[in-house]
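**Q** My questions will all concern the structure given below.
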Amino acid sequence: MTSKNPRTGKNSILTIVIKLGTSSICEEETHLPLLSNLSLLVETIVKLRTLGHRVILVTSGAIGVGLRRLNMEKKPKKLAAIQAVAAVGQGRLMRMYDDLFTQLNQPIAQILLTRNDIADRTQYLNAVNTFTELLAIGVVPIVNENDTISVREIRFGDNDTLSAITAGMVNADYLFLMTDVDCLYTDNPRTNPNASPVEIVDDVGGLKQKVIVSSPGSALGTGGMTTKLIAADLATAAGVTTIISRGSNPKNIISIIAHLSNNPSITTSLNPALPLHTRFLAKNNPLVDRKWWILHGLHTAGTIFIDEGAYRAITKVGQTSSLFAVGITQIEGNFVADQAVKVVVEKKKDDGGLEVVELGKGLVNYSSVEISRIKGSQSSEIFRLLGYADSECVIHRDNLAVLKS
């Protein structure tokens with residue numbers, strides 16, 4: 001099967017990230033592994049490898065497998081206990097994958113990440129290089145969050161987000177979010193018989209206003225459909241076509257890729273002969289690597305509020321400006337130079353009120369204390385106000401990642 005790259009439209013090898021949730025790995029009540037699902041997934045991945053594609057698997061399930069091994073009925077509430085269960089389950093989960101992939105002579109590798117691992121630019125690039133080398137030598141990397149040491153401050157939060165960040169790191173062509181339903185629906189199809197499938201999405205932000213996705217994940221998992229929308233938003237901003245599909249039938253991945261490769265320009269409706277799924281269209285102008293890292297790899301240390309003049313200058317197409325002190329109205333949080341901060345603007349609504357709109361994220365040249373002294377001032381005044389002037393701008397445009405509208 002010859003596949004067309006969705007980024008270029010040319011025949012090429014694809015990089016595909018597949019995320020499998022806990023509900024597709026373990027039975028929710030007994031915590032027994034769903035070997036039929038896992039076997040089909042392994043066969044599908046090996047088939048994709050045979051076709052020449054590069055595949056990364058992002059997996060949940062360590063806690064579910066750990067609960068089974070420890071004969072525990074429910075996931076504990078205490079963080080240390082959850083981490084201990086994950087430590088027990090992670091090794092057994094990888095052994096299970098290794099046993100299945102070994103039957104088809106496919107080598108695998110384990111990569112455990114926390115957000116802290118990619119917050120440092122050097123570590124981020126090392127992780128990217130490791131992925132690149134593993135894929136080049138024909139290995140399937142299997143990624144999971146390092147639950148054993150993760151705390152709230154450095155967690156990705158769920159493996160949907162982790163899979164999206166992984167897809168952005170490797171410049172993937174496709175991200176498949178495998179779940180326990182066929183696709184995204186306008187409401188929960190289990191409780192609302194009138195819920196209808198959502199086939200193609202080109203605006204995740206607009207979609208959030210139209211569908212009901214309040215249902216949480218399973219008792220073992222941490223995600224749900226809400227986290228999949230967040231993941232789709234992250235991945236499509238990096239230029240990755242994102243697809244929600246049923247985890248119990250992973251062979252759908254092959255038929256979906258074959259169809260999209262032959263019909264890359266279809267953006268209105270799905271082929272009725274295809275398995276039901278939801279496709280999120282990749283952004284035409286994705287964020288470049290460094291700005292993707294700033295936006296999604298770094299901890300947000302504070303917030304800078306800017307006026308509408310600065311907002312217009314920063315968002316001007318083709319002539320993005322740096323952020324200068326004169327356009328800053330206020331700050332929140334305590335941070336030092338070179339930390340990442342969120343940039344927001346207060347815009348007037350039709351009713352006369354103010355709406356806080358997030359513009360993006362950037363690396364600051366001055367601390368929060370320094371910015372509080374120079375905000376609203378011209379760059380020529382910085383030396384007089386501080387006694388020094390390390391930079392004429394607060395955030396340089398090369399260090400400012402603007403969210404795609």
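Starting from 1 in every chain, residues are counted up; chains themselves are A, B, ... following the order of the structure tokens, and ligands are numbered from 1 as listed.
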I'd like the contact shell of Ile18 of chain A - 8 Å cut-off, only C-alpha atoms, skipping same-chain residues fewer than 2 positions apart - returned as number ranges by chain.

**A** A: 16, 20, 55-58, 163, 175-178

**Q** Produce a file of the selected residues containing N, CA, C and O atoms, as a tab-separated table (two decimals), in the first residue's frame.

**A**
chain	number	residue	atom	x	y	z
A	16	ILE	N	3.32	7.42	12.54
A	16	ILE	CA	1.98	7.25	13.13
A	16	ILE	C	2.12	7.02	14.63
A	16	ILE	O	2.88	6.15	15.06
A	20	LEU	N	-3.46	4.03	23.12
A	20	LEU	CA	-4.42	3.05	23.58
A	20	LEU	C	-4.74	3.32	25.04
A	20	LEU	O	-3.85	3.38	25.88
A	55	VAL	N	5.99	3.64	13.61
A	55	VAL	CA	4.87	3.61	14.55
A	55	VAL	C	5.37	3.77	15.98
A	55	VAL	O	6.36	3.15	16.39
A	56	ILE	N	4.68	4.63	16.73
A	56	ILE	CA	4.91	4.79	18.17
A	56	ILE	C	3.61	4.46	18.89
A	56	ILE	O	2.54	4.92	18.49
A	57	LEU	N	3.70	3.67	19.94
A	57	LEU	CA	2.53	3.33	20.75
A	57	LEU	C	2.61	4.06	22.08
A	57	LEU	O	3.61	3.96	22.80
A	58	VAL	N	1.58	4.84	22.40
A	58	VAL	CA	1.45	5.47	23.72
A	58	VAL	C	0.40	4.67	24.49
A	58	VAL	O	-0.75	4.59	24.06
A	163	SER	N	0.19	11.65	24.37
A	163	SER	CA	0.27	11.18	22.98
A	163	SER	C	0.34	12.36	22.02
A	163	SER	O	1.05	12.31	21.00
A	175	LEU	N	-2.14	10.94	14.43
A	175	LEU	CA	-2.31	10.51	15.81
A	175	LEU	C	-3.66	9.83	15.91
A	175	LEU	O	-4.69	10.43	15.61
A	176	PHE	N	-3.66	8.55	16.31
A	176	PHE	CA	-4.89	7.80	16.51
A	176	PHE	C	-5.16	7.66	18.00
A	176	PHE	O	-4.34	7.10	18.74
A	177	LEU	N	-6.28	8.20	18.45
A	177	LEU	CA	-6.72	8.08	19.84
A	177	LEU	C	-7.75	6.96	19.90
A	177	LEU	O	-8.90	7.13	19.50
A	178	MET	N	-7.32	5.79	20.35
A	178	MET	CA	-8.18	4.61	20.37
A	178	MET	C	-8.95	4.58	21.70
A	178	MET	O	-8.36	4.64	22.77

**Q** Tell me, as a CSV table (one decimal) with N, CA, C and O atoms, in the first residue's frame, which residues lie within 9 Å of Gly138 of chain A, counting only C-alpha atoms; anything in the same chain fewer than 2 positions away does not count.

**A**
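This went into selection_7.csv:
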chain,number,residue,atom,x,y,z
A,49,ARG,N,4.3,-1.5,10.1
A,49,ARG,CA,5.7,-1.6,9.9
A,49,ARG,C,6.1,-2.3,8.6
A,49,ARG,O,7.0,-1.8,7.9
A,54,ARG,N,6.5,4.2,10.2
A,54,ARG,CA,7.1,4.3,11.5
A,54,ARG,C,6.0,4.4,12.5
A,54,ARG,O,5.1,5.3,12.3
A,106,GLN,N,9.1,-8.4,16.3
A,106,GLN,CA,9.2,-7.0,16.3
A,106,GLN,C,9.8,-6.5,17.6
A,106,GLN,O,9.2,-6.6,18.6
A,107,PRO,N,11.0,-5.8,17.5
A,107,PRO,CA,11.6,-5.3,18.7
A,107,PRO,C,10.8,-4.0,19.2
A,107,PRO,O,10.3,-3.3,18.4
A,108,ILE,N,10.8,-3.8,20.5
A,108,ILE,CA,10.2,-2.7,21.1
A,108,ILE,C,11.1,-2.0,22.1
A,108,ILE,O,12.1,-2.6,22.5
A,133,GLU,N,16.1,7.8,16.5
A,133,GLU,CA,17.0,6.7,16.3
A,133,GLU,C,16.3,5.4,16.4
A,133,GLU,O,16.5,4.5,15.6
A,134,LEU,N,15.4,5.3,17.4
A,134,LEU,CA,14.6,4.0,17.5
A,134,LEU,C,13.8,3.7,16.3
A,134,LEU,O,13.7,2.6,15.8
A,135,LEU,N,13.1,4.8,15.7
A,135,LEU,CA,12.3,4.6,14.5
A,135,LEU,C,13.2,4.2,13.3
A,135,LEU,O,12.8,3.4,12.5
A,136,ALA,N,14.4,4.8,13.3
A,136,ALA,CA,15.3,4.6,12.1
A,136,ALA,C,15.8,3.1,12.1
A,136,ALA,O,16.0,2.6,11.0
A,140,VAL,N,9.7,-0.3,17.6
A,140,VAL,CA,8.5,0.4,18.0
A,140,VAL,C,8.6,1.0,19.4
A,140,VAL,O,8.6,0.2,20.4

**Q** List the neighbours of Ser36 of chain A out to 12 Å using only C-alpha atoms; skip same-chain residues closer than 2 positions along the sequence, and give me the result as a PDB file with all heavy atoms, in the first residue's frame.

**A**
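Now in selection28.pdb:
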ATOM      1  N   SER A  24      -9.228  -0.094  26.882  1.00  0.00           N
ATOM      2  CA  SER A  24      -8.955  -1.023  25.789  1.00  0.00           C
ATOM      3  C   SER A  24      -7.883  -2.034  26.152  1.00  0.00           C
ATOM      4  O   SER A  24      -7.597  -2.940  25.377  1.00  0.00           O
ATOM      5  CB  SER A  24      -8.505  -0.248  24.538  1.00  0.00           C
ATOM      6  OG  SER A  24      -9.504   0.640  24.101  1.00  0.00           O
ATOM      7  N   ILE A  25      -7.303  -1.893  27.342  1.00  0.00           N
ATOM      8  CA  ILE A  25      -6.222  -2.781  27.778  1.00  0.00           C
ATOM      9  C   ILE A  25      -6.669  -3.723  28.886  1.00  0.00           C
ATOM     10  O   ILE A  25      -6.327  -4.903  28.887  1.00  0.00           O
ATOM     11  CB  ILE A  25      -5.022  -1.937  28.255  1.00  0.00           C
ATOM     12  CG1 ILE A  25      -4.464  -1.106  27.099  1.00  0.00           C
ATOM     13  CG2 ILE A  25      -3.931  -2.819  28.858  1.00  0.00           C
ATOM     14  CD1 ILE A  25      -3.401  -0.119  27.499  1.00  0.00           C
ATOM     15  N   CYS A  26      -7.449  -3.191  29.843  1.00  0.00           N
ATOM     16  CA  CYS A  26      -7.883  -3.979  31.008  1.00  0.00           C
ATOM     17  C   CYS A  26      -9.400  -3.946  31.131  1.00  0.00           C
ATOM     18  O   CYS A  26     -10.032  -2.926  30.857  1.00  0.00           O
ATOM     19  CB  CYS A  26      -7.279  -3.427  32.298  1.00  0.00           C
ATOM     20  SG  CYS A  26      -5.489  -3.484  32.375  1.00  0.00           S
ATOM     21  N   GLU A  27      -9.954  -5.057  31.593  1.00  0.00           N
ATOM     22  CA  GLU A  27     -11.376  -5.103  31.910  1.00  0.00           C
ATOM     23  C   GLU A  27     -11.595  -4.288  33.185  1.00  0.00           C
ATOM     24  O   GLU A  27     -10.843  -4.417  34.148  1.00  0.00           O
ATOM     25  CB  GLU A  27     -11.819  -6.559  32.121  1.00  0.00           C
ATOM     26  CG  GLU A  27     -13.287  -6.807  31.881  1.00  0.00           C
ATOM     27  CD  GLU A  27     -14.170  -6.348  33.037  1.00  0.00           C
ATOM     28  OE1 GLU A  27     -13.720  -6.443  34.198  1.00  0.00           O
ATOM     29  OE2 GLU A  27     -15.293  -5.879  32.773  1.00  0.00           O
ATOM     30  N   LEU A  32      -8.520  -7.829  34.346  1.00  0.00           N
ATOM     31  CA  LEU A  32      -7.863  -8.807  33.481  1.00  0.00           C
ATOM     32  C   LEU A  32      -7.480  -8.147  32.159  1.00  0.00           C
ATOM     33  O   LEU A  32      -8.226  -7.322  31.622  1.00  0.00           O
ATOM     34  CB  LEU A  32      -8.789  -9.992  33.208  1.00  0.00           C
ATOM     35  CG  LEU A  32      -8.994 -10.979  34.366  1.00  0.00           C
ATOM     36  CD1 LEU A  32     -10.138 -11.934  34.045  1.00  0.00           C
ATOM     37  CD2 LEU A  32      -7.699 -11.748  34.623  1.00  0.00           C
ATOM     38  N   PRO A  33      -6.325  -8.491  31.619  1.00  0.00           N
ATOM     39  CA  PRO A  33      -5.920  -7.890  30.344  1.00  0.00           C
ATOM     40  C   PRO A  33      -6.830  -8.355  29.202  1.00  0.00           C
ATOM     41  O   PRO A  33      -7.230  -9.523  29.148  1.00  0.00           O
ATOM     42  CB  PRO A  33      -4.488  -8.394  30.154  1.00  0.00           C
ATOM     43  CG  PRO A  33      -4.399  -9.642  30.973  1.00  0.00           C
ATOM     44  CD  PRO A  33      -5.310  -9.427  32.145  1.00  0.00           C
ATOM     45  N   LEU A  34      -7.151  -7.434  28.308  1.00  0.00           N
ATOM     46  CA  LEU A  34      -7.974  -7.753  27.139  1.00  0.00           C
ATOM     47  C   LEU A  34      -7.040  -8.212  26.028  1.00  0.00           C
ATOM     48  O   LEU A  34      -6.666  -7.457  25.121  1.00  0.00           O
ATOM     49  CB  LEU A  34      -8.783  -6.523  26.721  1.00  0.00           C
ATOM     50  CG  LEU A  34      -9.754  -5.990  27.783  1.00  0.00           C
ATOM     51  CD1 LEU A  34     -10.392  -4.678  27.332  1.00  0.00           C
ATOM     52  CD2 LEU A  34     -10.833  -7.024  28.092  1.00  0.00           C
ATOM     53  N   LEU A  38      -5.292  -6.450  22.546  1.00  0.00           N
ATOM     54  CA  LEU A  38      -3.859  -6.213  22.465  1.00  0.00           C
ATOM     55  C   LEU A  38      -3.231  -6.984  21.314  1.00  0.00           C
ATOM     56  O   LEU A  38      -2.339  -6.473  20.626  1.00  0.00           O
ATOM     57  CB  LEU A  38      -3.191  -6.583  23.789  1.00  0.00           C
ATOM     58  CG  LEU A  38      -3.609  -5.728  24.993  1.00  0.00           C
ATOM     59  CD1 LEU A  38      -3.019  -6.290  26.284  1.00  0.00           C
ATOM     60  CD2 LEU A  38      -3.151  -4.290  24.804  1.00  0.00           C
ATOM     61  N   SER A  39      -3.683  -8.216  21.084  1.00  0.00           N
ATOM     62  CA  SER A  39      -3.147  -9.015  19.981  1.00  0.00           C
ATOM     63  C   SER A  39      -3.459  -8.374  18.637  1.00  0.00           C
ATOM     64  O   SER A  39      -2.599  -8.309  17.743  1.00  0.00           O
ATOM     65  CB  SER A  39      -3.719 -10.437  20.031  1.00  0.00           C
ATOM     66  OG  SER A  39      -3.330 -11.094  21.223  1.00  0.00           O
ATOM     67  N   LEU A  40      -4.696  -7.888  18.485  1.00  0.00           N
ATOM     68  CA  LEU A  40      -5.069  -7.207  17.240  1.00  0.00           C
ATOM     69  C   LEU A  40      -4.254  -5.935  17.036  1.00  0.00           C
ATOM     70  O   LEU A  40      -3.851  -5.618  15.916  1.00  0.00           O
ATOM     71  CB  LEU A  40      -6.564  -6.888  17.242  1.00  0.00           C
ATOM     72  CG  LEU A  40      -7.528  -8.052  17.028  1.00  0.00           C
ATOM     73  CD1 LEU A  40      -8.963  -7.596  17.249  1.00  0.00           C
ATOM     74  CD2 LEU A  40      -7.371  -8.621  15.620  1.00  0.00           C
ATOM     75  N   LEU A  41      -4.025  -5.200  18.126  1.00  0.00           N
ATOM     76  CA  LEU A  41      -3.233  -3.983  18.027  1.00  0.00           C
ATOM     77  C   LEU A  41      -1.808  -4.296  17.586  1.00  0.00           C
ATOM     78  O   LEU A  41      -1.257  -3.625  16.693  1.00  0.00           O
ATOM     79  CB  LEU A  41      -3.210  -3.260  19.372  1.00  0.00           C
ATOM     80  CG  LEU A  41      -2.307  -2.021  19.421  1.00  0.00           C
ATOM     81  CD1 LEU A  41      -2.910  -0.892  18.598  1.00  0.00           C
ATOM     82  CD2 LEU A  41      -2.071  -1.575  20.853  1.00  0.00           C
ATOM     83  N   VAL A  42      -1.207  -5.307  18.191  1.00  0.00           N
ATOM     84  CA  VAL A  42       0.160  -5.687  17.829  1.00  0.00           C
ATOM     85  C   VAL A  42       0.229  -6.109  16.364  1.00  0.00           C
ATOM     86  O   VAL A  42       1.142  -5.711  15.630  1.00  0.00           O
ATOM     87  CB  VAL A  42       0.653  -6.807  18.764  1.00  0.00           C
ATOM     88  CG1 VAL A  42       1.947  -7.418  18.237  1.00  0.00           C
ATOM     89  CG2 VAL A  42       0.858  -6.264  20.177  1.00  0.00           C
ATOM     90  N   GLU A  43      -0.755  -6.894  15.918  1.00  0.00           N
ATOM     91  CA  GLU A  43      -0.782  -7.311  14.511  1.00  0.00           C
ATOM     92  C   GLU A  43      -0.898  -6.101  13.589  1.00  0.00           C
ATOM     93  O   GLU A  43      -0.250  -6.037  12.536  1.00  0.00           O
ATOM     94  CB  GLU A  43      -1.951  -8.267  14.268  1.00  0.00           C
ATOM     95  CG  GLU A  43      -1.771  -9.639  14.901  1.00  0.00           C
ATOM     96  CD  GLU A  43      -3.000 -10.513  14.700  1.00  0.00           C
ATOM     97  OE1 GLU A  43      -3.907 -10.112  13.947  1.00  0.00           O
ATOM     98  OE2 GLU A  43      -3.038 -11.607  15.298  1.00  0.00           O
ATOM     99  N   LEU A 100       3.935 -10.350  23.148  1.00  0.00           N
ATOM    100  CA  LEU A 100       3.101 -10.307  21.945  1.00  0.00           C
ATOM    101  C   LEU A 100       3.913  -9.886  20.718  1.00  0.00           C
ATOM    102  O   LEU A 100       3.804 -10.498  19.645  1.00  0.00           O
ATOM    103  CB  LEU A 100       1.933  -9.345  22.164  1.00  0.00           C
ATOM    104  CG  LEU A 100       0.890  -9.781  23.184  1.00  0.00           C
ATOM    105  CD1 LEU A 100      -0.079  -8.638  23.494  1.00  0.00           C
ATOM    106  CD2 LEU A 100       0.111 -11.003  22.677  1.00  0.00           C
ATOM    107  N   GLY A 247     -11.016   1.314  19.957  1.00  0.00           N
ATOM    108  CA  GLY A 247      -9.825   0.580  20.331  1.00  0.00           C
ATOM    109  C   GLY A 247      -9.927  -0.920  20.164  1.00  0.00           C
ATOM    110  O   GLY A 247      -8.912  -1.595  20.007  1.00  0.00           O
ATOM    111  N   SER A 248     -11.141  -1.485  20.202  1.00  0.00           N
ATOM    112  CA  SER A 248     -11.292  -2.935  20.088  1.00  0.00           C
ATOM    113  C   SER A 248     -11.140  -3.430  18.654  1.00  0.00           C
ATOM    114  O   SER A 248     -11.102  -4.633  18.425  1.00  0.00           O
ATOM    115  CB  SER A 248     -12.657  -3.371  20.639  1.00  0.00           C
ATOM    116  OG  SER A 248     -13.697  -2.739  19.918  1.00  0.00           O
ATOM    117  N   ASN A 249     -11.048  -2.512  17.700  1.00  0.00           N
ATOM    118  CA  ASN A 249     -10.841  -2.908  16.314  1.00  0.00           C
ATOM    119  C   ASN A 249      -9.728  -2.074  15.682  1.00  0.00           C
ATOM    120  O   ASN A 249      -9.955  -1.255  14.801  1.00  0.00           O
ATOM    121  CB  ASN A 249     -12.139  -2.749  15.510  1.00  0.00           C
ATOM    122  CG  ASN A 249     -12.095  -3.511  14.193  1.00  0.00           C
ATOM    123  OD1 ASN A 249     -11.065  -4.090  13.834  1.00  0.00           O
ATOM    124  ND2 ASN A 249     -13.191  -3.496  13.464  1.00  0.00           N
ATOM    125  N   PRO A 250      -8.490  -2.285  16.129  1.00  0.00           N
ATOM    126  CA  PRO A 250      -7.375  -1.449  15.660  1.00  0.00           C
ATOM    127  C   PRO A 250      -7.063  -1.602  14.179  1.00  0.00           C
ATOM    128  O   PRO A 250      -6.401  -0.746  13.593  1.00  0.00           O
ATOM    129  CB  PRO A 250      -6.201  -1.908  16.538  1.00  0.00           C
ATOM    130  CG  PRO A 250      -6.571  -3.273  16.999  1.00  0.00           C
ATOM    131  CD  PRO A 250      -8.062  -3.271  17.137  1.00  0.00           C
TER     132      PRO A 250
END

**Q** Which residues, written as a list in words, have at least one atom at most 8 Å from Phe335 of chain A, with only C-alpha atoms counted and residues fewer than 4 positions away on the same chain left out?

**A**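 Counting only C-alpha atoms, the residues come to Ala301, Gly302, Gln339, Ser367 and Ser368 of chain A.
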
**Q** How many Å separate atom CA of Ala109 of chain A from atom CA of Gly91 of chain A?

**A**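 Going from atom CA of Ala109 of chain A over to atom CA of Gly91 of chain A, I get 12.3 Å.
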
**Q** Would you give me, as a ChimeraX atom specification, the residues in segment 40-254 of chain A that DSSP reads as helix (DSSP H, G or I)?

**A** /A:40-50,62-69,79-103,115-119,121-136,152-154,159-169,204-208,225-237,252-254
